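Written below as structure tokens is the structure these notes are about.
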Amino acid sequence: MQIFPAIDLRGGQVVRLYQGDYDKMTVYGQDPCAAARDFLAAGAGYLHVVDLDGAKDGTLANFDSIAAIAKQGGLYMEVGGGIRTEDRIKQYLDLGVGRCILGTIAVKDFDFTVRMARKYGDKIAVGVDARDGYVAVSGWRELSEERGVDFCRRLFGAGVRTVIYTDISRDGAERGANLDIYRELAEIRGLNVTASGGVGSIAELKALQAIGTHAAILGKALYTGRLDLKAVIGEVGAC
């Protein structure tokens, strides 16, 4: 299983939100590049980066920080947050980012998402963020009428091969991953699913691995010390 330690950026700082609430934010560092170096030193081969400002308002507020992380090298990076145009995709890919994550735009302009997936292949993933089972957009502030699993099926049918599924109620809450939803997603044969939100133990990661989950994102559990990245990679990681 691929292990993606996460760096969420707001105002150039490394932060974590509680259940996607921008008013419930904890700052864990002032230097995103240092955080990335720490992950690399622990044996990471992958990195998940989210521009929270971009997710909220579509700006490039944290572009310089992301560019600096990419310049350091050594990690396969996927980036999300406010990527709603092909120009933005090109900007990130030109930095050396391995994959761009489409979120809000995938719901609001499905045809665009399909075109980008066909054009850029595995350099495109879709972040499916669900609250109470339904897809949430615009920095998780708006709820759509489509169930998250159904949306994943529709994406796969349209040619998207990688989704990052986040149960918002688990994100930053250290309540454990929603294993039931990943079992359901595993039934979509051929879809690479990344688990995100609440993962807090090696036992959970092994359960996700047994289900057939392709990758997992680790956030708050790393920052609070609940999980040790080097130990995780030793147990379930793949490079």
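All residue names refer to the structure tokens as shown: chains lettered A, B, ... in order, residues numbered from 1 in each chain, ligands numbered from 1 in order.
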Closest pair table for stretch 41-117 of chain A residues within 10 Å of stretch 141-160 of chain A, only C-alpha atoms, as a Markdown table:
```
| residue | atom | partner | partner_atom | distance |
| --- | --- | --- | --- | --- |
| A:Lys56 | CA | A:Arg141 | CA | 8.5 |
| A:Thr104 | CA | A:Glu142 | CA | 9.6 |
| A:Ala106 | CA | A:Leu155 | CA | 8.8 |
| A:Val107 | CA | A:Ser144 | CA | 8.2 |
| A:Lys108 | CA | A:Ser144 | CA | 9.6 |
| A:Phe110 | CA | A:Leu155 | CA | 8.6 |
| A:Asp111 | CA | A:Ala158 | CA | 9.2 |
| A:Thr113 | CA | A:Val160 | CA | 8.4 |
| A:Val114 | CA | A:Ala158 | CA | 6.2 |
| A:Arg115 | CA | A:Gly159 | CA | 9.3 |
| A:Met116 | CA | A:Val160 | CA | 9.3 |
| A:Ala117 | CA | A:Val160 | CA | 5.8 |
```
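By only C-alpha atoms, and with residues fewer than 6 positions from stretch 69-79 of chain A along its chain excluded, the set lying at most 8 Å from it is Pro32, Cys33, Ala36, Leu40, Ala44, Gly45, Tyr46, Leu47, His48, Val49, Val50, Asp51, Tyr92, Leu95, Gly96, Val97, Gly98, Arg99, Cys100 and Ile101 of chain A.
Relative to atom CA of A:Leu205, atom CA of A:Thr26 is found at 24.4 Å.
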List as a Markdown table every residue of stretch 139-216 of chain A that is in contact with stretch 121-128 of chain A, defined as an atom at most 6 Å from one of its atoms (using only C-alpha atoms), together with the nearest atom pair and the distance in Å rounded to one decimal, sorted by chain and then rising number.
```
| residue | atom | partner | partner_atom | distance |
| --- | --- | --- | --- | --- |
| A:Thr162 | CA | A:Ala125 | CA | 4.9 |
| A:Val163 | CA | A:Val126 | CA | 4.8 |
| A:Ile164 | CA | A:Gly127 | CA | 4.6 |
| A:Tyr165 | CA | A:Val128 | CA | 4.8 |
```
* So what do you get for atom CA of A:Ala221 versus atom CA of A:Leu191, distance-wise? -> 26.1 Å
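Between atom CA of A:Lys24 and atom CA of A:Leu102 the interatomic distance comes to 23.9 Å.
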* Residue set, stretch 59-155 of chain A restricted to strand (DSSP E), as a ChimeraX atom specification -> /A:76-80,99-102,124-131,134-137,142-147
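For A:Ala34, the residues within 12 Å (counting only C-alpha atoms, excluding itself and residues fewer than 2 positions away along the chain) are Ile7, Gln13, Val14, Tyr28, Gly29, Gln30, Asp31, Pro32, Ala36, Arg37, Asp38, Phe39, Leu40, Ala41, Ser65, Ala68, Ile69 and Gln72 of chain A.
Using only C-alpha atoms, the smallest distance between any of A:Gln91, A:Thr166, A:Gln209, A:Gln2 and A:Ala195 comes from A:Thr166.
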* Residue neighbourhood A:Gly219, 7 Å, only C-alpha atoms, exclusion window fewer than 3 positions, as number ranges by chain -> A: 5-6, 222-223
* Apply DSSP to the structure's backbone, then extract all residues of stretch 9-202 of chain A labelled alpha helix (DSSP H) and return them as an MDAnalysis selection string. => chainID A and resid 32:41 52:57 63:72 86:95 104:108 110:120 148:157 179:185 202
